[in-house]
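Here is the file my_file_0.csv (CSV, N, CA and C atoms).
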```
chain,number,residue,atom,x,y,z
A,15,GLU,N,-36.0,-54.5,-59.8
A,15,GLU,CA,-35.8,-55.3,-58.5
A,15,GLU,C,-34.5,-54.8,-57.9
A,16,GLY,N,-34.5,-54.7,-56.6
A,16,GLY,CA,-33.3,-54.3,-55.9
A,16,GLY,C,-32.4,-55.4,-55.6
A,17,MET,N,-31.5,-55.2,-54.6
A,17,MET,CA,-30.5,-56.2,-54.2
A,17,MET,C,-31.1,-57.3,-53.3
A,18,GLU,N,-32.4,-57.2,-53.0
A,18,GLU,CA,-33.0,-58.1,-52.1
A,18,GLU,C,-32.8,-59.6,-52.6
A,19,GLN,N,-32.8,-59.8,-53.9
A,19,GLN,CA,-32.7,-61.1,-54.4
A,19,GLN,C,-31.3,-61.8,-54.1
A,20,TRP,N,-30.3,-60.9,-53.8
A,20,TRP,CA,-29.0,-61.4,-53.5
A,20,TRP,C,-28.7,-61.4,-52.0
A,21,ASP,N,-29.6,-61.0,-51.2
A,21,ASP,CA,-29.4,-60.9,-49.8
A,21,ASP,C,-29.5,-62.3,-49.1
A,22,LEU,N,-28.4,-62.6,-48.5
A,22,LEU,CA,-28.3,-63.9,-47.8
A,22,LEU,C,-28.5,-63.8,-46.3
A,23,THR,N,-28.9,-62.7,-45.8
A,23,THR,CA,-29.1,-62.5,-44.4
A,23,THR,C,-30.0,-63.6,-43.7
A,24,SER,N,-31.1,-63.9,-44.3
A,24,SER,CA,-32.0,-64.9,-43.7
A,24,SER,C,-31.4,-66.3,-43.8
A,25,LYS,N,-30.6,-66.5,-44.8
A,25,LYS,CA,-29.9,-67.8,-44.9
A,25,LYS,C,-28.8,-68.1,-43.9
A,26,ILE,N,-28.0,-67.1,-43.7
A,26,ILE,CA,-26.8,-67.3,-42.8
A,26,ILE,C,-27.1,-66.9,-41.3
A,27,SER,N,-28.1,-66.1,-41.1
A,27,SER,CA,-28.4,-65.7,-39.7
A,27,SER,C,-28.6,-66.8,-38.7
A,28,PRO,N,-29.2,-67.9,-39.0
A,28,PRO,CA,-29.4,-69.0,-38.0
A,28,PRO,C,-28.0,-69.6,-37.6
A,29,TYR,N,-27.0,-69.4,-38.4
A,29,TYR,CA,-25.7,-70.0,-38.1
A,29,TYR,C,-24.7,-69.0,-37.4
A,30,LEU,N,-25.2,-67.8,-37.2
A,30,LEU,CA,-24.3,-66.8,-36.6
A,30,LEU,C,-24.7,-66.6,-35.1
A,31,ASP,N,-23.7,-66.2,-34.4
A,31,ASP,CA,-23.9,-65.8,-33.0
A,31,ASP,C,-24.7,-64.5,-33.0
A,32,ARG,N,-25.6,-64.4,-32.1
A,32,ARG,CA,-26.5,-63.2,-32.1
A,32,ARG,C,-25.7,-61.9,-32.1
A,33,HIS,N,-24.5,-61.9,-31.5
A,33,HIS,CA,-23.8,-60.6,-31.5
A,33,HIS,C,-23.2,-60.3,-32.8
A,34,MET,N,-23.0,-61.3,-33.7
A,34,MET,CA,-22.5,-61.1,-35.0
A,34,MET,C,-23.6,-60.6,-35.9
A,35,MET,N,-24.9,-60.7,-35.5
A,35,MET,CA,-26.0,-60.2,-36.3
A,35,MET,C,-26.1,-58.7,-36.3
A,36,PHE,N,-25.7,-58.1,-35.2
A,36,PHE,CA,-25.9,-56.6,-35.0
A,36,PHE,C,-25.1,-55.8,-36.1
A,37,PRO,N,-23.9,-56.1,-36.4
A,37,PRO,CA,-23.2,-55.4,-37.5
A,37,PRO,C,-23.9,-55.7,-38.9
A,38,LEU,N,-24.4,-56.9,-39.0
A,38,LEU,CA,-25.1,-57.2,-40.3
A,38,LEU,C,-26.4,-56.4,-40.4
A,39,LEU,N,-27.1,-56.3,-39.3
A,39,LEU,CA,-28.3,-55.4,-39.4
A,39,LEU,C,-28.0,-54.0,-39.5
A,40,GLU,N,-26.9,-53.5,-39.0
A,40,GLU,CA,-26.4,-52.1,-39.2
A,40,GLU,C,-26.2,-51.9,-40.7
A,41,TYR,N,-25.5,-52.9,-41.3
A,41,TYR,CA,-25.2,-52.8,-42.7
A,41,TYR,C,-26.5,-52.8,-43.5
A,42,LEU,N,-27.5,-53.6,-43.2
A,42,LEU,CA,-28.8,-53.5,-43.8
A,42,LEU,C,-29.4,-52.2,-43.7
A,43,ASP,N,-29.3,-51.6,-42.5
A,43,ASP,CA,-29.8,-50.2,-42.3
A,43,ASP,C,-29.2,-49.2,-43.3
A,44,GLY,N,-27.9,-49.4,-43.5
A,44,GLY,CA,-27.2,-48.6,-44.5
A,44,GLY,C,-27.7,-48.8,-45.9
A,45,LEU,N,-27.9,-50.0,-46.3
A,45,LEU,CA,-28.5,-50.3,-47.6
A,45,LEU,C,-29.9,-49.7,-47.8
A,46,ILE,N,-30.7,-49.8,-46.7
A,46,ILE,CA,-32.0,-49.2,-46.7
A,46,ILE,C,-31.9,-47.7,-46.9
A,47,ALA,N,-31.0,-47.1,-46.2
A,47,ALA,CA,-30.9,-45.6,-46.2
A,47,ALA,C,-30.4,-45.1,-47.6
A,48,ASP,N,-29.6,-45.9,-48.3
A,48,ASP,CA,-29.1,-45.4,-49.6
A,48,ASP,C,-30.0,-45.9,-50.7
A,49,GLY,N,-31.1,-46.7,-50.4
A,49,GLY,CA,-32.1,-47.1,-51.4
A,49,GLY,C,-31.7,-48.4,-52.1
A,50,SER,N,-30.7,-49.1,-51.7
A,50,SER,CA,-30.2,-50.3,-52.4
A,50,SER,C,-31.2,-51.4,-52.2
A,51,VAL,N,-31.8,-51.5,-51.0
A,51,VAL,CA,-32.8,-52.5,-50.7
A,51,VAL,C,-34.1,-51.8,-50.3
A,52,ARG,N,-35.2,-52.5,-50.5
A,52,ARG,CA,-36.5,-52.0,-50.1
A,52,ARG,C,-37.1,-52.6,-48.8
A,53,TYR,N,-36.2,-53.0,-47.9
A,53,TYR,CA,-36.7,-53.5,-46.6
A,53,TYR,C,-37.3,-52.4,-45.8
A,54,SER,N,-38.1,-52.7,-44.8
A,54,SER,CA,-38.6,-51.7,-43.9
A,54,SER,C,-37.6,-51.5,-42.8
A,55,THR,N,-37.4,-50.3,-42.4
A,55,THR,CA,-36.5,-50.0,-41.3
A,55,THR,C,-37.1,-50.5,-40.0
A,56,GLN,N,-38.4,-50.5,-40.0
A,56,GLN,CA,-39.2,-51.0,-38.8
A,56,GLN,C,-38.9,-52.5,-38.6
A,57,ASP,N,-38.9,-53.3,-39.7
A,57,ASP,CA,-38.7,-54.7,-39.7
A,57,ASP,C,-37.3,-55.0,-39.2
A,58,VAL,N,-36.3,-54.3,-39.7
A,58,VAL,CA,-34.9,-54.5,-39.3
A,58,VAL,C,-34.8,-54.1,-37.8
A,59,ALA,N,-35.4,-53.1,-37.3
A,59,ALA,CA,-35.4,-52.7,-35.9
A,59,ALA,C,-36.1,-53.7,-35.1
A,60,ALA,N,-37.2,-54.3,-35.5
A,60,ALA,CA,-37.9,-55.3,-34.8
A,60,ALA,C,-37.0,-56.6,-34.7
A,61,ALA,N,-36.3,-56.9,-35.8
A,61,ALA,CA,-35.4,-58.1,-35.7
A,61,ALA,C,-34.3,-57.8,-34.7
A,62,ARG,N,-33.8,-56.6,-34.7
A,62,ARG,CA,-32.7,-56.3,-33.7
A,62,ARG,C,-33.2,-56.4,-32.3
A,63,LEU,N,-34.5,-55.9,-32.1
A,63,LEU,CA,-35.1,-56.0,-30.7
A,63,LEU,C,-35.3,-57.4,-30.3
A,64,ALA,N,-35.7,-58.3,-31.2
A,64,ALA,CA,-35.8,-59.7,-30.9
A,64,ALA,C,-34.5,-60.4,-30.5
A,65,LEU,N,-33.4,-59.9,-31.2
A,65,LEU,CA,-32.1,-60.5,-30.9
A,65,LEU,C,-31.6,-60.0,-29.5
A,66,LEU,N,-32.0,-58.8,-29.1
A,66,LEU,CA,-31.6,-58.2,-27.9
A,66,LEU,C,-32.3,-58.7,-26.7
A,67,ARG,N,-33.5,-59.2,-26.9
A,67,ARG,CA,-34.3,-59.6,-25.7
A,67,ARG,C,-33.6,-60.5,-24.7
A,68,PRO,N,-32.9,-61.6,-25.1
A,68,PRO,CA,-32.3,-62.4,-24.1
A,68,PRO,C,-30.9,-62.0,-23.6
A,69,THR,N,-30.5,-60.8,-24.1
A,69,THR,CA,-29.1,-60.3,-23.7
A,69,THR,C,-29.2,-59.4,-22.5
A,70,HIS,N,-28.1,-58.9,-22.0
A,70,HIS,CA,-28.0,-57.9,-21.0
A,70,HIS,C,-27.8,-56.5,-21.6
A,71,MET,N,-28.0,-56.3,-22.8
A,71,MET,CA,-27.8,-55.0,-23.5
A,71,MET,C,-29.2,-54.3,-23.4
A,72,VAL,N,-29.6,-54.0,-22.1
A,72,VAL,CA,-30.9,-53.4,-21.9
A,72,VAL,C,-31.1,-52.0,-22.4
A,73,ASP,N,-30.1,-51.2,-22.2
A,73,ASP,CA,-30.2,-49.8,-22.7
A,73,ASP,C,-30.4,-49.8,-24.2
A,74,TYR,N,-29.6,-50.6,-24.9
A,74,TYR,CA,-29.7,-50.6,-26.4
A,74,TYR,C,-31.1,-51.2,-26.8
A,75,ALA,N,-31.6,-52.2,-26.1
A,75,ALA,CA,-32.9,-52.7,-26.3
A,75,ALA,C,-34.0,-51.7,-26.1
A,76,ILE,N,-33.9,-50.9,-25.1
A,76,ILE,CA,-34.9,-49.8,-24.9
A,76,ILE,C,-34.8,-48.8,-26.0
A,77,ASP,N,-33.6,-48.4,-26.4
A,77,ASP,CA,-33.5,-47.5,-27.6
A,77,ASP,C,-34.2,-48.0,-28.8
A,78,ILE,N,-33.9,-49.3,-29.1
A,78,ILE,CA,-34.5,-49.9,-30.3
A,78,ILE,C,-36.1,-50.0,-30.1
A,79,TYR,N,-36.5,-50.3,-28.9
A,79,TYR,CA,-38.0,-50.4,-28.7
A,79,TYR,C,-38.6,-49.0,-29.0
A,80,LYS,N,-37.9,-47.9,-28.5
A,80,LYS,CA,-38.5,-46.6,-28.8
A,80,LYS,C,-38.5,-46.3,-30.3
A,81,THR,N,-37.6,-46.9,-31.1
A,81,THR,CA,-37.6,-46.7,-32.5
A,81,THR,C,-38.8,-47.5,-33.2
A,82,VAL,N,-39.0,-48.7,-32.7
A,82,VAL,CA,-40.1,-49.5,-33.2
A,82,VAL,C,-41.4,-49.1,-32.8
A,83,HIS,N,-41.5,-48.6,-31.5
A,83,HIS,CA,-42.8,-48.2,-30.9
A,83,HIS,C,-42.7,-46.7,-30.4
A,84,PRO,N,-42.6,-45.7,-31.3
A,84,PRO,CA,-42.3,-44.4,-30.8
A,84,PRO,C,-43.4,-43.8,-30.0
A,85,GLU,N,-44.6,-44.2,-30.1
A,85,GLU,CA,-45.7,-43.7,-29.3
A,85,GLU,C,-46.0,-44.4,-28.0
A,86,SER,N,-45.3,-45.5,-27.8
A,86,SER,CA,-45.6,-46.4,-26.6
A,86,SER,C,-44.6,-46.1,-25.5
A,87,GLU,N,-45.1,-46.3,-24.3
A,87,GLU,CA,-44.3,-46.3,-23.1
A,87,GLU,C,-43.4,-47.5,-23.1
A,88,ILE,N,-42.3,-47.4,-22.4
A,88,ILE,CA,-41.4,-48.6,-22.3
A,88,ILE,C,-42.1,-49.6,-21.4
A,89,PRO,N,-42.2,-50.9,-21.9
A,89,PRO,CA,-42.9,-51.9,-21.1
A,89,PRO,C,-42.3,-52.1,-19.7
A,90,ALA,N,-43.1,-52.4,-18.7
A,90,ALA,CA,-42.6,-52.6,-17.4
A,90,ALA,C,-41.6,-53.7,-17.3
A,91,GLU,N,-41.8,-54.8,-18.1
A,91,GLU,CA,-40.9,-55.9,-18.1
A,91,GLU,C,-39.5,-55.4,-18.5
A,92,MET,N,-39.4,-54.5,-19.5
A,92,MET,CA,-38.1,-54.0,-19.9
A,92,MET,C,-37.4,-53.2,-18.8
A,93,GLN,N,-38.2,-52.4,-18.1
A,93,GLN,CA,-37.7,-51.6,-17.0
A,93,GLN,C,-37.2,-52.5,-15.9
A,94,GLU,N,-38.0,-53.5,-15.6
A,94,GLU,CA,-37.6,-54.4,-14.5
A,94,GLU,C,-36.3,-55.2,-14.9
A,95,ARG,N,-36.2,-55.6,-16.1
A,95,ARG,CA,-35.0,-56.3,-16.6
A,95,ARG,C,-33.8,-55.3,-16.5
A,96,LYS,N,-34.0,-54.1,-16.8
A,96,LYS,CA,-32.9,-53.1,-16.7
A,96,LYS,C,-32.4,-53.0,-15.3
A,97,THR,N,-33.4,-52.9,-14.4
A,97,THR,CA,-33.1,-52.8,-12.9
A,97,THR,C,-32.4,-54.0,-12.5
A,98,SER,N,-32.8,-55.2,-12.9
A,98,SER,CA,-32.2,-56.4,-12.5
A,98,SER,C,-30.8,-56.5,-13.0
A,99,VAL,N,-30.6,-56.1,-14.3
A,99,VAL,CA,-29.2,-56.2,-14.9
A,99,VAL,C,-28.3,-55.3,-14.2
A,100,TYR,N,-28.7,-54.1,-13.9
A,100,TYR,CA,-27.9,-53.1,-13.2
A,100,TYR,C,-27.6,-53.5,-11.7
A,101,GLN,N,-28.5,-54.1,-11.1
A,101,GLN,CA,-28.3,-54.7,-9.7
A,101,GLN,C,-27.2,-55.8,-9.8
A,102,ARG,N,-27.3,-56.6,-10.7
A,102,ARG,CA,-26.3,-57.7,-10.9
A,102,ARG,C,-25.0,-57.1,-11.2
A,103,LEU,N,-24.9,-56.1,-12.0
A,103,LEU,CA,-23.7,-55.5,-12.4
A,103,LEU,C,-23.0,-54.9,-11.1
A,104,GLU,N,-23.8,-54.3,-10.3
A,104,GLU,CA,-23.3,-53.7,-9.0
A,104,GLU,C,-22.7,-54.8,-8.1
A,105,GLU,N,-23.5,-55.9,-8.0
A,105,GLU,CA,-23.0,-57.0,-7.2
A,105,GLU,C,-21.6,-57.5,-7.7
A,106,LEU,N,-21.5,-57.7,-9.0
A,106,LEU,CA,-20.3,-58.2,-9.6
A,106,LEU,C,-19.1,-57.2,-9.4
A,107,GLU,N,-19.4,-55.9,-9.5
A,107,GLU,CA,-18.4,-54.9,-9.3
A,107,GLU,C,-17.9,-54.9,-7.9
A,108,LYS,N,-18.8,-55.1,-6.9
A,108,LYS,CA,-18.4,-55.2,-5.5
A,108,LYS,C,-17.5,-56.4,-5.3
A,109,GLY,N,-17.9,-57.6,-5.9
A,109,GLY,CA,-17.1,-58.8,-5.8
A,109,GLY,C,-15.7,-58.6,-6.4
A,110,CYS,N,-15.5,-57.8,-7.4
A,110,CYS,CA,-14.3,-57.6,-8.1
A,110,CYS,C,-13.5,-56.4,-7.5
A,111,LYS,N,-14.0,-55.7,-6.6
A,111,LYS,CA,-13.4,-54.4,-6.1
A,111,LYS,C,-12.0,-54.6,-5.7
A,112,ALA,N,-11.7,-55.6,-4.9
A,112,ALA,CA,-10.3,-55.8,-4.3
A,112,ALA,C,-9.4,-56.1,-5.5
A,113,LEU,N,-9.8,-56.9,-6.4
A,113,LEU,CA,-8.9,-57.2,-7.6
A,113,LEU,C,-8.7,-56.0,-8.4
A,114,HIS,N,-9.7,-55.2,-8.6
A,114,HIS,CA,-9.6,-54.0,-9.4
A,114,HIS,C,-8.7,-53.0,-8.8
A,115,GLU,N,-8.8,-52.9,-7.5
A,115,GLU,CA,-7.9,-52.0,-6.7
A,115,GLU,C,-6.5,-52.4,-6.8
A,116,LEU,N,-6.3,-53.7,-6.7
A,116,LEU,CA,-4.9,-54.3,-6.8
A,116,LEU,C,-4.3,-54.0,-8.2
A,117,CYS,N,-5.1,-54.3,-9.2
A,117,CYS,CA,-4.6,-54.0,-10.6
A,117,CYS,C,-4.4,-52.5,-10.9
A,118,SER,N,-5.1,-51.7,-10.2
A,118,SER,CA,-4.9,-50.2,-10.4
A,118,SER,C,-3.7,-49.7,-9.6
A,119,ASN,N,-3.2,-50.5,-8.6
A,119,ASN,CA,-2.1,-50.0,-7.8
A,119,ASN,C,-0.8,-50.5,-8.4
A,120,GLU,N,-0.2,-49.6,-9.2
A,120,GLU,CA,1.0,-49.9,-9.9
A,120,GLU,C,2.2,-50.4,-9.0
A,121,GLU,N,2.3,-49.7,-7.8
A,121,GLU,CA,3.4,-50.1,-6.9
A,121,GLU,C,3.2,-51.5,-6.4
A,122,GLU,N,2.1,-51.9,-6.0
A,122,GLU,CA,1.8,-53.3,-5.5
A,122,GLU,C,1.9,-54.3,-6.6
A,123,LYS,N,1.4,-53.9,-7.8
A,123,LYS,CA,1.5,-54.8,-9.0
A,123,LYS,C,3.0,-55.1,-9.3
A,124,THR,N,3.8,-54.0,-9.3
A,124,THR,CA,5.2,-54.2,-9.6
A,124,THR,C,5.9,-55.1,-8.6
A,125,LYS,N,5.6,-54.9,-7.3
A,125,LYS,CA,6.2,-55.8,-6.3
A,125,LYS,C,5.8,-57.3,-6.5
A,126,LEU,N,4.5,-57.5,-6.8
A,126,LEU,CA,4.1,-58.9,-7.1
A,126,LEU,C,4.7,-59.5,-8.3
A,127,GLN,N,4.9,-58.6,-9.4
A,127,GLN,CA,5.6,-59.1,-10.6
A,127,GLN,C,7.0,-59.5,-10.3
A,128,ALA,N,7.7,-58.6,-9.5
A,128,ALA,CA,9.1,-58.8,-9.2
A,128,ALA,C,9.3,-60.1,-8.4
A,129,SER,N,8.3,-60.3,-7.5
A,129,SER,CA,8.5,-61.5,-6.6
A,129,SER,C,7.9,-62.8,-7.3
A,130,GLY,N,7.4,-62.7,-8.5
A,130,GLY,CA,6.9,-63.8,-9.2
A,130,GLY,C,5.5,-64.2,-8.8
A,131,LYS,N,4.9,-63.4,-8.0
A,131,LYS,CA,3.5,-63.7,-7.5
A,131,LYS,C,2.4,-63.0,-8.3
A,132,TRP,N,2.7,-62.5,-9.4
A,132,TRP,CA,1.6,-61.9,-10.2
A,132,TRP,C,1.0,-63.0,-11.1
A,133,ASN,N,0.3,-63.9,-10.3
A,133,ASN,CA,-0.5,-65.0,-10.9
A,133,ASN,C,-1.7,-65.2,-10.0
A,134,VAL,N,-2.5,-66.1,-10.3
A,134,VAL,CA,-3.8,-66.4,-9.6
A,134,VAL,C,-3.4,-66.8,-8.1
A,135,ASP,N,-2.5,-67.7,-7.9
A,135,ASP,CA,-2.2,-68.1,-6.6
A,135,ASP,C,-1.6,-66.9,-5.7
A,136,GLY,N,-0.7,-66.2,-6.3
A,136,GLY,CA,0.0,-65.1,-5.6
A,136,GLY,C,-1.0,-63.9,-5.3
A,137,VAL,N,-1.8,-63.6,-6.2
A,137,VAL,CA,-2.8,-62.6,-6.1
A,137,VAL,C,-3.9,-63.0,-5.0
A,138,SER,N,-4.2,-64.3,-5.0
A,138,SER,CA,-5.2,-64.8,-4.1
A,138,SER,C,-4.7,-64.7,-2.6
A,139,GLN,N,-3.4,-64.7,-2.4
A,139,GLN,CA,-2.9,-64.7,-1.1
A,139,GLN,C,-2.7,-63.2,-0.6
A,140,THR,N,-2.8,-62.3,-1.5
A,140,THR,CA,-2.6,-60.9,-1.2
A,140,THR,C,-3.8,-60.3,-0.5
```
Rendering of file as structure tokens:
Amino acid sequence: EGMEQWDLTSKISPYLDRHMMFPLLEYLDGLIADGSVRYSTQDVAAARLALLRPTHMVDYAIDIYKTVHPESEIPAEMQERKTSVYQRLEELEKGCKALHELCSNEEEKTKLQASGKWNVDGVSQT
């Protein structure tokens, strides 16, 4: 019998943030690769895909989907989600453009810092 009897993944996973599960699943992949556990790589990939579904990590989800379903086309819902996430990202980048430009302008940033206005109120007035 392998190390499966000592694996606590299923016991602790309900208490972990989903983003903390990805390194744990990567670790399990390593154990599978070196033969320490006899889990299916497909099962681990499917678990990873289930964790990714509600996140905005769409490219990673598509990569995992291709691993789990190598012969299948990417589902339309995943493509639509990707499009939606990237559109939202564009909107957010447009909304932050002025702040990003200000933070990138060292001269202006130095002036604001020197005048004590390098804070939310000072930057909002700029």
key: All residues 6.5 Å or closer to Arg32 of chain A, only N, CA and C atoms, same chain fewer than 3 positions away omitted, as a PyMOL selection string   = chain A and resi 35-36+65
message = Quick one: residues within 12 Å of Tyr41 of chain A, only C-alpha atoms, excluding same-chain residues fewer than 4 positions away - as a PyMOL selection string?
response = chain A and resi 21+23+34-37+45-48+50-51+55+58
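Distances to Ala60 of chain A were evaluated for A:Pro89, A:Gly44, A:Ser129, A:Lys80 using only C-alpha atoms, and the minimum falls at A:Lys80.
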query = Of the candidates A:Met71, A:Val82, A:Leu30, A:Leu38, which shows the shortest atom-to-atom distance to Ala59 of chain A, using all atoms listed in the file?
reply =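 Distance minimum relative to Ala59 of chain A lands on A:Val82.
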Two-atom distance - atom C of Val99 of chain A, atom CA of Glu115 of chain A (Å) =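 Going from atom C of Val99 of chain A over to atom CA of Glu115 of chain A, I get 22.0 Å.
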task = Calculate how many Å separate atom CA of Leu66 of chain A from atom N of Glu91 of chain A, rounding to one decimal.
result =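 Atom CA of Leu66 of chain A sits 14.5 Å away from atom N of Glu91 of chain A.
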query = Any idea what the distance is between atom C of Thr140 of chain A and atom CA of Ala128 of chain A?
reply =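 For atom C of Thr140 of chain A relative to atom CA of Ala128 of chain A, the distance reads 15.6 Å.
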request  = Enumerate the residues of segment 38-108 of chain A with a DSSP assignment of helix (DSSP H, G or I), computed from the backbone, and present them as a VMD selection string.
outcome  = chain A and resid 38 to 47 55 to 66 72 to 82 90 to 108
